[in-house]
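Beneath this line is the structure, given in structure tokens, with notes to follow.
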Amino acid sequence: MRGNGKRDRFVVIGGGISGLSSAFYLLKQAKQRGRDALVTIVDPSERIGGKINTLKRDGFTIERGPDSFLARKTPIIDLAYDLGIENQLVGTNPKAKKTYILHHGKLHPMPPGLVLGVPTEIAPFAKTSLLSWGGKLRAMMDFVTPASKETGDESIGHFLTRRVGAEVMERVAEPLLAGIYAGELNKLSLASTFPQFRDAERKHGSLIRGMRANKRLAASTPAVATRLPDAVKNSMFLTFRGGLETMLEALHTALASAEWKLGNKAVAFRQNDPDEHGGDVAPYEVLLSDGEILEADGIVITAPAFDAADLLEPHMNVDALRAIRYVSVANVVMAFDKATLGIDFDGSGFVVPRTEGTTITACTWTSAKWLHSSPSDKVLLRCYVGRSGDEAVVDLSDNQMTEAVRRDIRNTMGITAEPLFTEITRLHHSMPQYPVGHLQETAKLRTKLRAQMPGVWVTGAAFDGVGLPDCIRQGKEAAMGVYKSLIGDFK
């Protein structure tokens, strides 16, 4: 603990949204407590924001990384208000609510009432052409299948197959849910990704019945959105009018007092012994790749799990971090003249099951979904490439990838027009995969870390959620945790 009148020194390792959120809330808490704090942000990249990357080109607003977030997840809304950018929030086009699933080479509309791949309205589900009658009847067995008495974690794929059958899992749930993680449902942890499924089964004895109850409850509960500007209260997904970098720019301004070490990597840290160095020595020192040493009272590690493991391994067992595999993905954005397409998009896009054998895993009709993203006489499409078990495609040449994607959109949508331009973004080792047992194992690691090295916190997308709101929440929790270890309260 620093003595009275001393500056609190924090090092945040990682300049993505988790790290920037940690830095912002560390400074905010210092101000609330009347303390002086120096926050140093270290990242090997020359730019901040991690995977957030907005490109402005020829009147288009193009997201090369994440493109939006769930409106119901409040941490990002709170941050928007804290930064004074809530008036920049925009929602999706209300006329583009339909989503499609590719099945046998044709686009089929998702049946109304589908929640995370789980049917909550039986009549539309019975009419869908996505499933055989055998598959539909198997799904209805969920109403009579006893709830599992097992208390441990299981994979999402195993759970859904057990409740609603393999056909629903493979044709409907897999392309919807796995797309969030670019993963394989039979390998992803249920407890770490969609714990509400298990809760629904336990509480209602049926996944469908439980998800239906959750939907009714959400509809009858005053919206989180009461804190949202009126213009975006009815949108499930939100972004910012100028792109997600609006948030990065605001954070950079808010972090004007921070110290930036970009293009520099944290390669090690050590714990000092106050008995050897005197009572005023900083508890920790962080070694950077250029040889500089930073003194720290607290450290927040938000780097990917493999880099976090390298930093922590000299101090403790990091098997829980080594178990988190990362998947590489890419996205291909194409712009067109609307007049050359001859298509009016009536939805937001489509997802693709593994069984279809396409290069693309999904396609967002971006200019239809987000009206601010494109001039009115143009069309913007974003196609996703790569997922667990199919990552080699990410390293195709630009020409090869473009050709493969154009073949898929020709076969699925009949688009033969030449794009005005194409932008390809490769995100290597970007999607953390939560293995079965992930929550339990990472909780053990964090408990041990707090005991051995108070003031050191490890967090980010590799732990408790990959979405932007989840990363912001974790960054804020890390700031709270580090300050609690430093001064012992949350005042």
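By convention here, the chains of the structure tokens are called A, B, ... in the order presented, each chain's residues are numbered starting at 1, and ligands are numbered starting at 1 in the order presented.
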Find the residues of range 216-302 of chain A that sit at most 8 Å from range 447-471 of chain A; for each, write down the nearest two atoms and how far apart they are in Å, to one decimal. Count only C-alpha atoms. Sort by chain, then by number going up, and give it as a Markdown table.
```
| residue | atom | partner | partner_atom | distance |
| --- | --- | --- | --- | --- |
| A:Gln271 | CA | A:Met453 | CA | 7.6 |
| A:Asp297 | CA | A:Gly455 | CA | 6.8 |
| A:Gly298 | CA | A:Gly455 | CA | 4.5 |
| A:Ile299 | CA | A:Val456 | CA | 4.7 |
| A:Val300 | CA | A:Trp457 | CA | 4.8 |
| A:Ile301 | CA | A:Val458 | CA | 4.6 |
| A:Thr302 | CA | A:Gly460 | CA | 5.0 |
```
List the neighbours of range 86-90 of chain A out to 7 Å using only C-alpha atoms; skip same-chain residues closer than 6 positions along the sequence, and give me the result as an MDAnalysis selection string. chainID A and resid 80 229 232 238:241
Would you list, as a ChimeraX atom specification, the residues of range 187-383 of chain A that end up in helix (DSSP H, G or I) under DSSP run on this structure's backbone? /A:190-193,195-204,207-220,224-227,230-232,245-254,274-277,305-312,319-322,338-340,354-356,366-369,371-373
DSSP-assigned strand (DSSP E) members of range 296-421 of chain A, reported as a PyMOL selection string: chain A and resi 296+298-301+325-337+347-351+360-364+378-385+421
Would you please work out which residue, of A:Gly475, A:Gly488, A:Pro146, A:Pro435, is nearest to Leu26 in chain A when using only C-alpha atoms?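 Selected residue with least distance to Leu26 in chain A: A:Gly475.
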